[in-house]
Amino acid sequence: MARILIVDDDPAILEILGAYLRAEGHVVLEAQDGTTGRAKLAEADLAILDWMLPGASGLDLARQQRRDRPDFPILLLTARGEEEDKLRGLEVGADDYVTKPFSPREVVARVRALLRRARLQDSVSTGGLQLDERTRTAMLDGQELLLSKLEFDLLLTLARHPGFVWSRDRLLERVWGADFPGVERVVDVHMAALRRKLGEYPEQPRFIETVRGVGYRFREEA
C-alpha cells in the first residue's frame with residue numbers, strides 16, 4: 001500500500017483514477033490546483049501530476065519535488081503529446097509520462113512499475129546506520145537497535161529524506177496516520193526515546209537535528 005497524490009483540475013479524472021488506485025489498496029490524496037498539491041507532496045509516496053494546473057504547474061511541482069526528494073516517483077499526466085514536451089517533462093524530474101486521453105488501467109500499471117522500482121531501494125545505509133524495511137531491522141555500528149514500530153517508522157521516514165524538514169503535524173500524518181487523534185507532543189516523546197536508543201541528544205545530533213519552531217530533519221551527512 002502506498003500514499004498516492006493525484007493533482008489534476010478535472011474532477012472526473014480525480015474520481016476515476018482515485019477509484020482504480022483505491023481498488024489496488026492504495027491511500028489516495030487529491031488536489032485540484034498546484035498550490036494545494038505542493039502542500040500535500042510531503043505526505044505522499046508517489047505523485048501523479050497534471051501538466052497544466054492553476055496555482056503552479058505540474059512541471060513546477062516535479063522540479064521542486066525532485067530537488068527536495070530525489071528518489072520520489074513522479075508520473076506526469078497531460079494532454080501535451082509532442083515529443084519535445086515529453087522530453088521537457090522528463091528533464092524536470094518526471095519518471096514517466098502518460099498522454100490524455102488515457103486508460104486508467106495503463107496509469108495503474110505505470111504506478112505499479114514506479115512503486116516496484118522505488119521499493120528496490122527499501123534499505124537505507126548511512127554513517128554506520130542500516131535500516132531494512134523488509135525485515136524491519138535497524139543496525140547501528142554493527143549492533144541491532146531494539147526499536148518499537150513507531151520508532152522504526154519515524155527513523156525510516158527521516159532517513160529516506162535527508163535534509164528534508166518534517167514538521168510535527170506532517171510526521172503525525174505520515175507515521176501515525178491522518179486519523180490519529182493525538183497531539184504534536186506525541187512526536188517529541190517518541191523522538192526523545194528514539195534519540196536515546198541512537199545514543200544522541202538534541203545538543204549533540206549524530207543523525208537527527210531539531211529545527212526550532214518547525215520539527216526535525218535527518219542530517220545529510222551523518
# chains A, B, ... in the order shown; residues from 1 in each chain; ligands from 1
>>> residues_around(residues="stretch 130-141 of chain A", least_positions_apart="3", cutoff="12 Å", atoms="only C-alpha atoms", output="count of residues only")
32
>>> residues_around(residues="stretch 12-21 of chain A", least_positions_apart="2", cutoff="12 Å", atoms="only C-alpha atoms", output="VMD selection string")
chain A and resid 1 to 10 23 to 33 46 48 to 50 77 to 78 100 to 112
>>> write_last_selection(atoms="N, CA and C atoms", output="tab-separated table (two decimals), in the first residue's frame")
chain	number	residue	atom	x	y	z
A	1	MET	N	0.84	-1.19	0.00
A	1	MET	CA	0.00	0.00	0.00
A	1	MET	C	0.88	1.25	0.00
A	2	ALA	N	0.52	2.19	-0.82
A	2	ALA	CA	1.26	3.45	-0.90
A	2	ALA	C	0.29	4.61	-0.80
A	3	ARG	N	0.82	5.78	-0.43
A	3	ARG	CA	0.03	7.00	-0.40
A	3	ARG	C	0.30	7.74	-1.71
A	4	ILE	N	-0.73	7.82	-2.56
A	4	ILE	CA	-0.55	8.38	-3.90
A	4	ILE	C	-1.31	9.69	-4.01
A	5	LEU	N	-0.60	10.72	-4.41
A	5	LEU	CA	-1.20	12.04	-4.60
A	5	LEU	C	-1.53	12.25	-6.08
A	6	ILE	N	-2.79	12.59	-6.36
A	6	ILE	CA	-3.21	12.94	-7.72
A	6	ILE	C	-3.51	14.43	-7.73
A	7	VAL	N	-2.83	15.17	-8.59
A	7	VAL	CA	-3.08	16.61	-8.72
A	7	VAL	C	-3.58	16.87	-10.13
A	8	ASP	N	-4.87	17.17	-10.25
A	8	ASP	CA	-5.49	17.41	-11.55
A	8	ASP	C	-6.71	18.29	-11.33
A	9	ASP	N	-6.93	19.25	-12.22
A	9	ASP	CA	-8.07	20.16	-12.03
A	9	ASP	C	-9.36	19.61	-12.63
A	10	ASP	N	-9.33	18.39	-13.13
A	10	ASP	CA	-10.52	17.75	-13.68
A	10	ASP	C	-11.09	16.78	-12.64
A	23	ALA	N	-8.83	0.66	-5.39
A	23	ALA	CA	-9.09	-0.77	-5.62
A	23	ALA	C	-7.80	-1.59	-5.54
A	24	GLU	N	-6.66	-0.93	-5.79
A	24	GLU	CA	-5.37	-1.60	-5.67
A	24	GLU	C	-4.87	-1.62	-4.22
A	25	GLY	N	-5.61	-0.95	-3.34
A	25	GLY	CA	-5.24	-0.94	-1.93
A	25	GLY	C	-4.48	0.29	-1.48
A	26	HIS	N	-4.36	1.28	-2.37
A	26	HIS	CA	-3.59	2.48	-2.03
A	26	HIS	C	-4.46	3.51	-1.31
A	27	VAL	N	-3.79	4.37	-0.55
A	27	VAL	CA	-4.42	5.56	0.02
A	27	VAL	C	-4.26	6.67	-1.00
A	28	VAL	N	-5.35	7.33	-1.36
A	28	VAL	CA	-5.30	8.35	-2.41
A	28	VAL	C	-5.51	9.75	-1.81
A	29	LEU	N	-4.58	10.64	-2.10
A	29	LEU	CA	-4.69	12.05	-1.74
A	29	LEU	C	-5.01	12.82	-3.01
A	30	GLU	N	-5.79	13.89	-2.90
A	30	GLU	CA	-6.21	14.62	-4.10
A	30	GLU	C	-6.02	16.12	-3.94
A	31	ALA	N	-5.77	16.78	-5.06
A	31	ALA	CA	-5.71	18.23	-5.11
A	31	ALA	C	-6.09	18.68	-6.51
A	32	GLN	N	-6.74	19.83	-6.60
A	32	GLN	CA	-7.19	20.34	-7.90
A	32	GLN	C	-6.41	21.56	-8.37
A	33	ASP	N	-5.38	21.95	-7.62
A	33	ASP	CA	-4.54	23.06	-8.04
A	33	ASP	C	-3.13	22.84	-7.53
A	46	LEU	N	4.14	8.72	-3.90
A	46	LEU	CA	4.19	8.85	-5.36
A	46	LEU	C	3.19	9.92	-5.75
A	48	ILE	N	0.98	11.74	-9.08
A	48	ILE	CA	0.52	11.83	-10.46
A	48	ILE	C	0.15	13.29	-10.69
A	49	LEU	N	0.89	13.97	-11.55
A	49	LEU	CA	0.75	15.42	-11.70
A	49	LEU	C	0.28	15.78	-13.10
A	50	ASP	N	-0.79	16.57	-13.16
A	50	ASP	CA	-1.22	17.14	-14.44
A	50	ASP	C	-0.24	18.25	-14.81
A	77	LEU	N	0.95	13.60	-16.12
A	77	LEU	CA	-0.28	13.31	-16.86
A	77	LEU	C	-0.69	14.57	-17.60
A	78	THR	N	-0.76	14.50	-18.93
A	78	THR	CA	-1.01	15.73	-19.67
A	78	THR	C	-1.59	15.47	-21.05
A	100	LYS	N	-3.07	12.27	-22.23
A	100	LYS	CA	-4.53	12.21	-22.28
A	100	LYS	C	-4.98	12.18	-23.75
A	101	PRO	N	-6.11	11.49	-24.05
A	101	PRO	CA	-6.87	10.61	-23.15
A	101	PRO	C	-6.11	9.33	-22.86
A	102	PHE	N	-6.38	8.73	-21.73
A	102	PHE	CA	-5.60	7.58	-21.30
A	102	PHE	C	-6.53	6.49	-20.76
A	103	SER	N	-5.98	5.31	-20.62
A	103	SER	CA	-6.69	4.21	-19.98
A	103	SER	C	-6.30	4.21	-18.49
A	104	PRO	N	-7.27	4.23	-17.59
A	104	PRO	CA	-6.93	4.17	-16.16
A	104	PRO	C	-6.09	2.93	-15.82
A	105	ARG	N	-6.34	1.83	-16.55
A	105	ARG	CA	-5.55	0.63	-16.29
A	105	ARG	C	-4.08	0.83	-16.65
A	106	GLU	N	-3.85	1.61	-17.72
A	106	GLU	CA	-2.46	1.91	-18.09
A	106	GLU	C	-1.79	2.73	-17.00
A	107	VAL	N	-2.50	3.72	-16.47
A	107	VAL	CA	-1.94	4.55	-15.40
A	107	VAL	C	-1.62	3.69	-14.18
A	108	VAL	N	-2.54	2.81	-13.81
A	108	VAL	CA	-2.31	1.92	-12.67
A	108	VAL	C	-1.09	1.03	-12.91
A	109	ALA	N	-0.94	0.53	-14.14
A	109	ALA	CA	0.22	-0.30	-14.48
A	109	ALA	C	1.52	0.51	-14.35
A	110	ARG	N	1.49	1.76	-14.81
A	110	ARG	CA	2.68	2.61	-14.69
A	110	ARG	C	3.00	2.87	-13.21
A	111	VAL	N	1.95	3.10	-12.41
A	111	VAL	CA	2.14	3.32	-10.97
A	111	VAL	C	2.77	2.09	-10.33
A	112	ARG	N	2.27	0.90	-10.69
A	112	ARG	CA	2.86	-0.33	-10.15
A	112	ARG	C	4.35	-0.42	-10.45
>>> closest_residue(among="A:Leu53, A:Ala44, A:Ala94, A:Ala79", to="A:Gly177", atoms="only C-alpha atoms")
A:Ala44
>>> select_by_dssp(residues="stretch 20-203 of chain A", states="helix (DSSP H, G or I)", output="PyMOL selection string")
chain A and resi 20-23+34-43+58-68+83-92+104-119+149-159+168-176+185-198
>>> select_by_dssp(residues="stretch 38-214 of chain A", states="strand (DSSP E)", output="PyMOL selection string")
chain A and resi 46-50+74-78+96-99+123-126+129-132+137-140+143-144+166-167+208-211
>>> closest_atom_pairs(of="stretch 143-190 of chain A", to="stretch 57-74 of chain A", cutoff="10 Å", atoms="only C-alpha atoms", output="CSV")
residue,atom,partner,partner_atom,distance
A:Arg160,CA,A:Arg69,CA,8.6
A:His161,CA,A:Arg69,CA,6.1
A:Pro162,CA,A:Arg69,CA,8.4
A:Gly163,CA,A:Asp68,CA,8.1
A:Phe164,CA,A:Asp68,CA,6.6
A:Val165,CA,A:Asp68,CA,9.7
>>> write_last_selection(atoms="C-alpha atoms", output="short mmCIF file (atom, residue, chain, number, x, y, z; two decimals), in the first residue's frame")
data_model
loop_
_atom_site.label_atom_id
_atom_site.label_comp_id
_atom_site.auth_asym_id
_atom_site.auth_seq_id
_atom_site.Cartn_x
_atom_site.Cartn_y
_atom_site.Cartn_z
CA ARG A 160 14.87 8.31 3.50
CA HIS A 161 14.75 12.08 3.01
CA PRO A 162 17.99 13.55 4.40
CA GLY A 163 17.91 17.31 4.69
CA PHE A 164 14.10 17.47 4.37
CA VAL A 165 12.47 19.27 7.30
#
>>> atom_distance(atom1="atom CA of A:Arg219", atom2="atom CA of A:Gly128")
13.0 Å
>>> atom_distance(atom1="atom CA of A:Glu43", atom2="atom CA of A:Gln204")
28.4 Å
>>> atom_distance(atom1="atom CA of A:Asp96", atom2="atom CA of A:Gly37")
18.4 Å
